[in-house]
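This report refers to the structure that appears directly beneath it.
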Amino acid sequence: MPFKETETLELKKSTSELKEAIISISAMLNKHGQGEVIFGIEDSGKVVGQDIGKTTTQDISKSIQDHIEPEVFPNIQEEQIEGKPCIRVRISGNHMPYFAYGRAYTRVGDKDLVLSSRELEGLFEKKNQGKMRWDDKPCHNAKLSDIDPGKLGIFLKKANLEFVSTDVALRNLSLMLSPSGALTNTAILLFGHSPQKFIHNAKLRCAVFAGAATILDMKDFEGDLFALIEDAQAYALRNTHTRERIEGLYRVDVPEIDPEALREAIINAFCHRDYHNPDSVHVAIFNDRVEIRSPGLLYGGLTIDRIKHEQVSERRNELIAAMLQRIHYAEAWGRGIRLILQKEPTASFKEVGRQFITVFKRKNVAQKEVPKKTDENGPKSTRKVPEKYQKLLEAIIADPTISRKKLAQELNEPASTILSRLRRLKKDGVLKHVGPAKGGKWEVKK
């Protein structure tokens, strides 16, 4: 059977190449956590045999232990291959990164390459990921009363899960630690009445810039993760242009940036950010671009090029990602960047300082006045209201005195999301509340 070098098998003609073999061992350990070297076979696969003395295997073992850090313990066996004496060295370890002669290597095909500083950082993150995790750690001083059962109930319904009680639901979702009963950071971030009371950097900062320094508008948002996602998308769409396209008899709004691509970038920013970083997620709108800025660089040694061309994913916040997957906000195959590029081919990605930034080029379509058509009741806009707002307006028209709480129940949405949409409609002049907060009524403008 011919031998061929792979990512976990290195062939050496003899122990005269022991140093190169030790480098290959460290590279295989860093890439796969295991590997083997056979002395007595040329790299072409030809078996030539290896001279074996009384101390040969001991010398190999000592050299490996002396020159690889952290220390490893090889399994070394003498074998007859095609009737010729050879030495097979098997090794495994899970304490990456491993260094050979003071340098760290990785295995690519049958080659040993020096690890870049970024790749080395990724190995350290992987080694310490349990200690570095934030999302599954207890949220200090948080109590069950800090959870909003309404938010949790809406989530469970969307995830097709039964709501028995708040504590049972949280335990089943791994959001409450056993046996202490402590709430995780994720539980508060997703379902807390006031997440920022405990997680001060779980915020959203938005701004519109004229040039590099002049700020035309700036607004900060607070709330649970789902509300912040909605607020970020609404702010970006509200402060970019919209053109119109004719579909049949209707004019349809076409946002300057594809809403699905924009939403994917925003969800990724909140899902994969580094919550140890005191900064917040930012939406920055410039004349020529929109930037979604997320605290924290790519995780686990990933590079922008790899995730653009390979379906790979290293997730910093496994628990948050798992919750978002349950309601189809995110998926498990690491295709976020590819999905963004399908919708917005000119989008780009970069890492600046300690931030990962998604950049959407603005198309700078001049915003036009919406043509009107007249009927017996006067002017009437043909602009179509987005479905999520249309349902809200229909519920209000059916009952002008309806409360925000009841709207949330009827539309199966978090109260924070309903509040954000009501604010948007009021700001756009579509909706007006008349009278006191309790006892007043809504007016929908034609």
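Here's how to read the names in the structure tokens: chain A, B, ... by the order shown, residue numbers from 1 in each chain, ligand numbers from 1 in the order shown.
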Next on the checklist: I'd like the neighbourhood of stretch 46-58 of chain A as a list in words, where a residue qualifies if any of its atoms comes within 6 Å (using only C-alpha atoms), though same-chain residues fewer than 6 positions away should be ignored.
Outcome noted: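 Counting only C-alpha atoms, the residues come to Ser14, Gly40, Lys84, Pro85 and Cys86 of chain A.
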Item to check | Length of the atom CA of A:Gly109 to atom CA of A:Gly93 vector [Å] | outcome: 19.6 Å
Next on the checklist: So, with only C-alpha atoms as the atoms that count, which of A:Leu175, A:Val208, A:Ile23, A:Leu419 lies closest to A:Leu228?
Outcome noted: A:Leu419
Item to check | Selected residue of minimal separation from A:Glu79 among A:Ile229, A:Gly439, A:Ile38, A:Arg107, counting only C-alpha atoms | outcome: A:Ile38
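Proximity to A:Lys137 was assessed for A:Leu319, A:Leu156, A:Val164, A:Met218 counting only C-alpha atoms; the smallest distance is recorded for A:Leu319.
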Next on the checklist: Can you tell me, as a PyMOL selection string, which residues in stretch 171-257 of chain A count as strand (DSSP E) by DSSP?
Outcome noted: chain A and resi 204-210+214-221+242-247+250-255
Please produce a file of the residues just selected, as a short mmCIF file (atom, residue, chain, number, x, y, z; two decimals), in the first residue's frame, where the atoms kept are C-alpha atoms.
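File written: selection_38.cif
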```cif
data_model
loop_
_atom_site.label_atom_id
_atom_site.label_comp_id
_atom_site.auth_asym_id
_atom_site.auth_seq_id
_atom_site.Cartn_x
_atom_site.Cartn_y
_atom_site.Cartn_z
CA LEU A 204 -26.98 50.83 20.46
CA ARG A 205 -25.44 54.12 19.34
CA CYS A 206 -26.54 55.64 16.02
CA ALA A 207 -25.40 58.76 14.21
CA VAL A 208 -25.63 60.53 10.85
CA PHE A 209 -22.47 62.32 9.74
CA ALA A 210 -21.84 65.10 7.24
CA THR A 214 -19.88 66.92 11.69
CA ILE A 215 -22.79 65.07 13.34
CA LEU A 216 -26.23 65.83 11.93
CA ASP A 217 -28.14 63.45 14.19
CA MET A 218 -27.22 61.20 17.08
CA LYS A 219 -29.34 58.85 19.17
CA ASP A 220 -28.71 56.12 21.74
CA PHE A 221 -31.08 53.18 22.27
CA THR A 242 -35.58 55.17 -0.95
CA ARG A 243 -36.35 55.02 -4.65
CA GLU A 244 -39.53 53.74 -6.25
CA ARG A 245 -40.25 50.93 -8.67
CA ILE A 246 -43.49 50.21 -10.49
CA GLU A 247 -44.98 46.77 -9.86
CA TYR A 250 -48.43 50.14 -7.56
CA ARG A 251 -45.32 52.09 -6.71
CA VAL A 252 -43.11 50.07 -4.36
CA ASP A 253 -40.42 51.54 -2.10
CA VAL A 254 -36.92 50.19 -2.79
CA PRO A 255 -34.49 51.06 0.03
#
```
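Atom CA of A:Gln34 to atom CA of A:Glu17 spans 19.8 Å [interatomic distance, one decimal].
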I want to know what sits within 6 Å of stretch 98-104 of chain A, based on only C-alpha atoms, with residues of the same chain fewer than 6 positions away left out; could you give that as a compact mmCIF listing (two decimals) with N, CA and C atoms, in the first residue's frame?
```txt
# COMPACT_ATOMS: atom_id res chain seq x y z
N ILE A 23 8.91 19.76 14.01
CA ILE A 23 8.11 20.90 13.54
C ILE A 23 6.77 20.41 12.98
N SER A 26 4.37 19.49 15.82
CA SER A 26 3.72 20.65 16.44
C SER A 26 2.64 21.24 15.53
N HIS A 67 11.92 19.83 22.79
CA HIS A 67 11.77 20.93 21.82
C HIS A 67 10.32 21.30 21.50
N ILE A 68 9.34 20.64 22.11
CA ILE A 68 7.94 21.03 21.92
C ILE A 68 7.37 21.50 23.26
N GLU A 69 6.74 22.64 23.23
CA GLU A 69 6.08 23.18 24.43
C GLU A 69 4.62 23.49 24.09
N VAL A 114 4.33 28.69 9.37
CA VAL A 114 4.39 29.45 10.62
C VAL A 114 3.06 30.15 10.84
N LEU A 115 2.55 30.04 12.05
CA LEU A 115 1.28 30.69 12.39
C LEU A 115 1.45 32.20 12.44
```
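The coordinates place atom CA of A:Ser420 at 10.8 Å from atom CA of A:Arg404.
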